[in-house]
Amino acid sequence: MITALRGFRDIWGEDWEVFEEIISTFKNRLRDFNVAWIETPILEPLELFVRSVGEFTDIVQKQMFSFRDRGNREVALRPEGTAGVVRAFVENRLSYPIRLAYFGPMFRAERPQKGRYRQFYQLGVEFIGFSGPYADAEGLISAYLPLKDLGLKVKVFVNTLGGEEAKVKYSEKLRDYLMDLDFLCEDCIRRRERNPLRVLDCKVCSPKLSPPDILEMVPKNERDNFDKTIRILEKYGVPVERDPKLVRGLDYYTGLVFEIKAEELDAAQNTILAGGRYDNLIYQLGGENIPAFGWAAGIDRISLIYKPSQKPKDLYFVVRTSDEYFEEAFEVLMILRNSNKRADMVFEEGKSLKAQMRRANKLGARWVVFVGEEEVKRGVVKVRDMETGEEFITSLD
RNA sequence: GCGGCGGUAGCUCAGGGGUAGAGCACCAGACUGUGGCUCUGGGGGUCGCGGGUUCGAAUCCCGUCCGCCGCCCCA
């Protein structure tokens with residue numbers, strides 16, 4: 001048997017319906033934010049991700065599906081959505097400001113786990129040409145509202161990187177601070193040299209730390225923006241919590257960063273949506289110097305906790321008393337479908353009426369339509385309501 | 001990429017050197033035109049795959065693939 005590759009999976013039936021409900025909930029809400037939808041390629045030049053996500057990030061260093069195509073070009077399956085959308089924005093010279101939204105599969109060669117796949121689905125937005133605290137706030141609100149619509153219990157964590165300079169400066173200052181400590185765990189001793197920001201995430205060491213706060217290094221205007229953004233968010237009903245340790249794993253973020261976590265999920269996969277401001281990326285990718293803000297939601301993870309709405313299927317199921325009336329039954333089936341009814345019947349021959357009824361029941365049919373000698377003779381059908389058991393005769397709908 | 005645990009019927013799992021099991025699901029019957037509930041019967045597995053040990057392996061050993069958990073990282 002040939003099976004799917006590690007970390008890749010099939011999604012069908014109820015699982016796919018859950019996906020669709022989640023996506024359409026986002027679509028409905030994002031419509032109110034006046035977004036335009038965009039579809040970009042799954043395969044892009046490797047260089048695009050090296051330049052945007054960051055050459056030294058883990059994603060680029062060890063998690064990309066990259067290879068040479070037949071023309072010997074270095075290409076990669078997209079590990080995230082922002083790079084492609086920004087590339088498309090620059091390449092097609094889209095007018096701005098513009099709010100773009102996308103949905104599609106992303107690929108990362110990570111170790112699979114629950115809620116963590118090598119092909120996973122993200123729905124995201126890029127608000128290009130918008131800046132300032134109101135823009136940051138509306139961007140975050142556009143992420144929060146769909147999650148509320150889905151009925152999820154979430155917590156919003158925010159922080160600011162205060163611009164590229166403040167980010168670098170802070171990283172150095174933090175390293176200095178950590179170098180003087182003698183109680184760090186083995187992992188953190190290794191981390192403090194290469195990636196001091198990660199030490200802040202360590203479950204063991206973090207509680208013992210009193211690290212310098214990045215806000216002390218953030219320029220005053222950035223700090224004012226950050227404070228004002230939080231005030232706006234609170235005014236519009238988005239409860240936020242500052243997490244001074246929050247730093248995103250992609251290099252392109254420059255200002256506000258945020259993560260939304262689901263309370264119902266374990267820490268390993270509880271971040272269901274994340275994003276932030278990236279004011280330099282468009283310029284870095286050959287465009288004008290345009291500020292932007294974006295986020296991406298992990299649909300696979302959201303589908304782990306979303307409880308689908310239980311809407312009954314109004315399915316009509318046509319049964320025949322004998323295969324003699326197959327043709328008439330099929331005719332009824334097509335009449336139902338032509339009047340836009342969801343309808344089905346048993347196509348295998350030699351199935352007893354009882355077996356057909358069982359099938360109808362299994363598929364959750366609301367109505368069963370009988371076609372038999374009596375009905376054919378009189379040019380009518382008998383309809384049974386499967387919930388109440390009531391039956392009635394009617395001419396063809 | 002590293003560490004731990006696991007893989008037996010469609011699903012959830014028991015069995016742990018001597019003929020492959022249960023529940024659920026599926027199929028068919030139980031007053032000859034009617035589902036669900038109940039009863040009866042039935043089909044279905046090269047016990048993840050490959051190699052080794054053994055008279056004999058689902059069972060023990062090695063490898064490998066896949067899954068889950070943790071690390072790393074992230075949606």
# chains A, B, ... in the order shown; residues from 1 in each chain; ligands from 1
call {"tool": "interface_residues", "arguments": {"of": "chain A", "to": "chain B", "cutoff": "8 Å", "atoms": "only C-alpha atoms (C1' of nucleotides)", "output": "CSV table (one decimal) with all heavy atoms, in the first residue's frame"}}
result
chain,number,residue,atom,x,y,z
A,6,ARG,N,5.2,11.2,5.5
A,6,ARG,CA,5.2,11.6,6.9
A,6,ARG,C,4.8,13.1,7.0
A,6,ARG,O,5.3,13.9,6.4
A,6,ARG,CB,6.6,11.4,7.5
A,6,ARG,CG,6.8,12.1,8.8
A,6,ARG,CD,8.2,11.9,9.3
A,6,ARG,NE,8.0,11.4,10.7
A,6,ARG,CZ,8.9,10.6,11.3
A,6,ARG,NH1,9.8,10.1,10.6
A,6,ARG,NH2,8.7,10.2,12.5
A,58,ASP,N,15.2,29.3,11.8
A,58,ASP,CA,15.1,27.8,11.7
A,58,ASP,C,14.3,27.4,10.5
A,58,ASP,O,14.6,26.4,9.9
A,58,ASP,CB,14.4,27.3,12.9
A,58,ASP,CG,15.4,27.1,14.0
A,58,ASP,OD1,16.4,27.9,14.1
A,58,ASP,OD2,15.3,26.2,14.9
A,59,ILE,N,13.3,28.2,10.1
A,59,ILE,CA,12.4,27.8,9.0
A,59,ILE,C,13.3,27.7,7.7
A,59,ILE,O,13.1,26.7,7.0
A,59,ILE,CB,11.3,28.9,8.8
A,59,ILE,CG1,10.3,28.8,9.9
A,59,ILE,CG2,10.6,28.7,7.5
A,59,ILE,CD1,9.3,29.9,9.9
A,113,GLN,N,3.5,16.3,14.7
A,113,GLN,CA,2.9,16.1,16.0
A,113,GLN,C,1.4,16.5,15.9
A,113,GLN,O,1.0,17.0,14.8
A,113,GLN,CB,3.5,17.1,17.0
A,113,GLN,CG,4.2,16.4,18.2
A,113,GLN,CD,4.9,17.4,19.1
A,113,GLN,OE1,4.2,18.2,19.8
A,113,GLN,NE2,6.2,17.4,19.0
A,114,LYS,N,0.6,16.3,16.9
A,114,LYS,CA,-0.8,16.7,16.8
A,114,LYS,C,-0.8,18.2,16.5
A,114,LYS,O,-0.2,19.0,17.2
A,114,LYS,CB,-1.5,16.4,18.1
A,114,LYS,CG,-3.0,16.7,18.0
A,114,LYS,CD,-3.7,16.4,19.3
A,114,LYS,CE,-4.6,15.2,19.1
A,114,LYS,NZ,-5.3,14.8,20.3
A,122,GLN,N,-3.0,27.7,6.2
A,122,GLN,CA,-3.1,29.0,6.8
A,122,GLN,C,-4.0,29.9,6.1
A,122,GLN,O,-4.1,29.9,4.8
A,122,GLN,CB,-1.7,29.7,6.9
A,122,GLN,CG,-0.8,29.1,7.9
A,122,GLN,CD,0.5,29.9,8.1
A,122,GLN,OE1,0.9,30.6,7.2
A,122,GLN,NE2,1.1,29.8,9.3
A,249,GLY,N,9.3,34.3,15.3
A,249,GLY,CA,10.4,33.6,14.7
A,249,GLY,C,10.8,33.9,13.3
A,249,GLY,O,11.7,33.4,12.8
A,271,THR,N,-0.8,28.1,19.9
A,271,THR,CA,-0.9,29.3,19.2
A,271,THR,C,-1.6,29.0,17.9
A,271,THR,O,-1.2,28.2,17.0
A,271,THR,CB,0.6,29.8,18.8
A,271,THR,OG1,1.3,30.0,20.0
A,271,THR,CG2,0.5,31.1,18.0
A,272,ILE,N,-2.8,29.7,17.7
A,272,ILE,CA,-3.6,29.4,16.6
A,272,ILE,C,-3.6,30.5,15.6
A,272,ILE,O,-4.0,30.3,14.4
A,272,ILE,CB,-5.1,29.1,17.0
A,272,ILE,CG1,-5.6,30.3,17.8
A,272,ILE,CG2,-5.2,27.9,17.8
A,272,ILE,CD1,-7.1,30.2,18.1
A,273,LEU,N,-3.0,31.7,16.0
A,273,LEU,CA,-2.9,32.8,15.0
A,273,LEU,C,-1.8,33.7,15.5
A,273,LEU,O,-1.7,33.9,16.7
A,273,LEU,CB,-4.3,33.5,15.0
A,273,LEU,CG,-4.5,34.6,13.9
A,273,LEU,CD1,-6.0,34.8,13.6
A,273,LEU,CD2,-3.9,35.9,14.4
A,274,ALA,N,-1.1,34.2,14.6
A,274,ALA,CA,0.0,35.1,15.0
A,274,ALA,C,0.4,36.1,13.9
A,274,ALA,O,0.1,35.8,12.7
A,274,ALA,CB,1.2,34.3,15.4
A,296,ALA,N,-1.4,35.4,10.3
A,296,ALA,CA,-1.8,34.1,9.7
A,296,ALA,C,-2.4,33.2,10.8
A,296,ALA,O,-1.9,33.2,11.9
A,296,ALA,CB,-0.6,33.4,9.0
A,297,ALA,N,-3.5,32.5,10.4
A,297,ALA,CA,-4.2,31.6,11.3
A,297,ALA,C,-3.9,30.2,10.9
A,297,ALA,O,-3.9,29.9,9.7
A,297,ALA,CB,-5.7,31.9,11.3
A,298,GLY,N,-3.7,29.3,11.9
A,298,GLY,CA,-3.5,27.9,11.6
A,298,GLY,C,-4.8,27.2,11.6
A,298,GLY,O,-5.4,26.9,12.7
A,299,ILE,N,-5.3,26.9,10.4
A,299,ILE,CA,-6.6,26.3,10.3
A,299,ILE,C,-6.6,24.9,10.9
A,299,ILE,O,-7.6,24.4,11.5
A,299,ILE,CB,-7.1,26.3,8.9
A,299,ILE,CG1,-7.1,27.7,8.3
A,299,ILE,CG2,-8.5,25.7,8.8
A,299,ILE,CD1,-7.9,28.7,9.1
A,301,ARG,N,-5.0,23.7,13.4
A,301,ARG,CA,-5.1,23.8,14.9
A,301,ARG,C,-6.5,24.3,15.3
A,301,ARG,O,-7.1,23.8,16.3
A,301,ARG,CB,-4.1,24.7,15.4
A,301,ARG,CG,-2.7,24.1,15.4
A,301,ARG,CD,-1.6,25.0,15.9
A,301,ARG,NE,-0.4,24.4,15.8
A,301,ARG,CZ,0.8,24.9,16.2
A,301,ARG,NH1,0.8,26.1,16.8
A,301,ARG,NH2,1.9,24.2,16.1
A,321,THR,N,-39.4,-0.1,-4.6
A,321,THR,CA,-39.8,-1.4,-3.9
A,321,THR,C,-39.2,-2.5,-4.7
A,321,THR,O,-39.1,-3.6,-4.1
A,321,THR,CB,-41.3,-1.5,-4.0
A,321,THR,OG1,-41.8,-1.4,-5.3
A,321,THR,CG2,-42.0,-0.4,-3.2
A,353,LEU,N,-35.8,-3.2,0.0
A,353,LEU,CA,-36.3,-1.9,0.4
A,353,LEU,C,-35.8,-1.6,1.8
A,353,LEU,O,-35.4,-0.5,2.1
A,353,LEU,CB,-37.9,-2.0,0.5
A,353,LEU,CG,-38.6,-0.7,0.9
A,353,LEU,CD1,-38.2,0.5,0.0
A,353,LEU,CD2,-40.1,-0.9,1.0
A,354,LYS,N,-35.7,-2.6,2.6
A,354,LYS,CA,-35.1,-2.5,4.0
A,354,LYS,C,-33.7,-2.0,3.9
A,354,LYS,O,-33.3,-1.1,4.7
A,354,LYS,CB,-35.2,-3.8,4.7
A,354,LYS,CG,-34.9,-3.7,6.2
A,354,LYS,CD,-35.0,-5.1,6.8
A,354,LYS,CE,-36.4,-5.6,7.0
A,354,LYS,NZ,-36.7,-5.8,8.4
A,357,MET,N,-33.7,1.6,3.0
A,357,MET,CA,-34.1,2.4,4.2
A,357,MET,C,-32.9,2.6,5.2
A,357,MET,O,-32.7,3.7,5.7
A,357,MET,CB,-35.3,1.8,4.9
A,357,MET,CG,-36.6,1.8,4.1
A,357,MET,SD,-37.2,3.4,3.9
A,357,MET,CE,-37.7,3.9,5.5
A,358,ARG,N,-32.2,1.5,5.4
A,358,ARG,CA,-31.1,1.6,6.3
A,358,ARG,C,-30.0,2.6,5.8
A,358,ARG,O,-29.5,3.4,6.5
A,358,ARG,CB,-30.4,0.2,6.4
A,358,ARG,CG,-31.0,-0.6,7.6
A,358,ARG,CD,-30.1,-1.7,8.0
A,358,ARG,NE,-30.1,-2.8,7.1
A,358,ARG,CZ,-30.8,-3.9,7.2
A,358,ARG,NH1,-31.6,-4.1,8.2
A,358,ARG,NH2,-30.7,-4.9,6.3
A,359,ARG,N,-29.8,2.5,4.5
A,359,ARG,CA,-28.9,3.5,3.9
A,359,ARG,C,-29.4,4.9,4.1
A,359,ARG,O,-28.6,5.8,4.5
A,359,ARG,CB,-28.8,3.2,2.4
A,359,ARG,CG,-27.7,4.1,1.6
A,359,ARG,CD,-26.3,3.6,1.8
A,359,ARG,NE,-26.1,2.2,1.3
A,359,ARG,CZ,-25.8,1.9,0.0
A,359,ARG,NH1,-25.6,2.9,-0.9
A,359,ARG,NH2,-25.6,0.7,-0.4
A,360,ALA,N,-30.7,5.1,3.9
A,360,ALA,CA,-31.2,6.5,4.1
A,360,ALA,C,-31.0,6.9,5.5
A,360,ALA,O,-30.6,8.1,5.7
A,360,ALA,CB,-32.7,6.5,3.7
A,361,ASN,N,-31.2,6.0,6.4
A,361,ASN,CA,-31.1,6.4,7.8
A,361,ASN,C,-29.6,6.7,8.1
A,361,ASN,O,-29.3,7.7,8.8
A,361,ASN,CB,-31.5,5.2,8.7
A,361,ASN,CG,-31.6,5.6,10.1
A,361,ASN,OD1,-32.2,6.5,10.5
A,361,ASN,ND2,-30.8,4.8,11.0
A,372,GLY,N,-43.0,2.8,-6.1
A,372,GLY,CA,-43.3,1.4,-6.2
A,372,GLY,C,-44.5,1.3,-7.2
A,372,GLY,O,-44.9,2.3,-7.8
A,386,MET,N,-38.6,11.2,8.1
A,386,MET,CA,-37.8,10.2,8.9
A,386,MET,C,-37.7,10.6,10.4
A,386,MET,O,-37.3,9.8,11.2
A,386,MET,CB,-36.4,10.0,8.3
A,386,MET,CG,-36.5,9.4,7.0
A,386,MET,SD,-37.0,7.6,7.0
A,386,MET,CE,-35.4,6.8,7.3
call {"tool": "closest_residue", "arguments": {"among": "A:Thr254, A:Gly13, A:Glu259, A:Asp224", "to": "Glu241 (chain A)", "atoms": "only C-alpha atoms"}}
result
A:Glu259
call {"tool": "residues_around", "arguments": {"residues": "Leu30 (chain A)", "least_positions_apart": "3", "cutoff": "10 Å", "atoms": "only C-alpha atoms (C1' of nucleotides)", "output": "ChimeraX atom specification"}}
result
/A:24-27,33-37,99-101,125,142-143,145-146
call {"tool": "atom_distance", "arguments": {"atom1": "CA of Ser339 (chain A)", "atom2": "CA of Ile22 (chain A)"}}
result
28.8 Å
call {"tool": "residues_around", "arguments": {"residues": "Pro133 (chain A)", "least_positions_apart": "3", "cutoff": "7 Å", "atoms": "only C-alpha atoms (C1' of nucleotides)", "output": "PDB file with N, CA, C and O atoms, in the first residue's frame"}}
result
ATOM      1  N   ASP A 136      -2.506  49.246  13.414  1.00  0.00           N
ATOM      2  CA  ASP A 136      -2.133  48.070  14.204  1.00  0.00           C
ATOM      3  C   ASP A 136      -3.359  47.484  14.899  1.00  0.00           C
ATOM      4  O   ASP A 136      -3.565  46.274  14.923  1.00  0.00           O
ATOM      5  N   ALA A 137      -4.155  48.370  15.453  1.00  0.00           N
ATOM      6  CA  ALA A 137      -5.327  47.912  16.200  1.00  0.00           C
ATOM      7  C   ALA A 137      -6.333  47.237  15.268  1.00  0.00           C
ATOM      8  O   ALA A 137      -6.846  46.163  15.578  1.00  0.00           O
ATOM      9  N   ASN A 225       3.120  54.646  20.342  1.00  0.00           N
ATOM     10  CA  ASN A 225       2.252  53.905  19.426  1.00  0.00           C
ATOM     11  C   ASN A 225       1.748  52.618  20.061  1.00  0.00           C
ATOM     12  O   ASN A 225       0.585  52.252  19.933  1.00  0.00           O
ATOM     13  N   PHE A 226       2.679  51.938  20.702  1.00  0.00           N
ATOM     14  CA  PHE A 226       2.343  50.668  21.336  1.00  0.00           C
ATOM     15  C   PHE A 226       1.280  50.863  22.418  1.00  0.00           C
ATOM     16  O   PHE A 226       0.270  50.149  22.450  1.00  0.00           O
ATOM     17  N   LYS A 228      -0.785  53.318  22.732  1.00  0.00           N
ATOM     18  CA  LYS A 228      -2.049  53.762  22.155  1.00  0.00           C
ATOM     19  C   LYS A 228      -2.785  52.610  21.482  1.00  0.00           C
ATOM     20  O   LYS A 228      -4.001  52.484  21.596  1.00  0.00           O
ATOM     21  N   THR A 229      -2.035  51.756  20.828  1.00  0.00           N
ATOM     22  CA  THR A 229      -2.645  50.580  20.196  1.00  0.00           C
ATOM     23  C   THR A 229      -3.390  49.750  21.228  1.00  0.00           C
ATOM     24  O   THR A 229      -4.527  49.325  21.008  1.00  0.00           O
TER      25      THR A 229
END
call {"tool": "select_by_dssp", "arguments": {"residues": "region 124-337 of chain A", "states": "alpha helix (DSSP H)", "output": "PyMOL selection string"}}
result
chain A and resi 133-149+164-179+186-194+196-199+220-235+281-284+299-305+326-337
call {"tool": "closest_residue", "arguments": {"among": "B:U32, B:A25, B:C60, B:C47", "to": "G7 (chain B)", "atoms": "only C-alpha atoms (C1' of nucleotides)"}}
result
B:C47
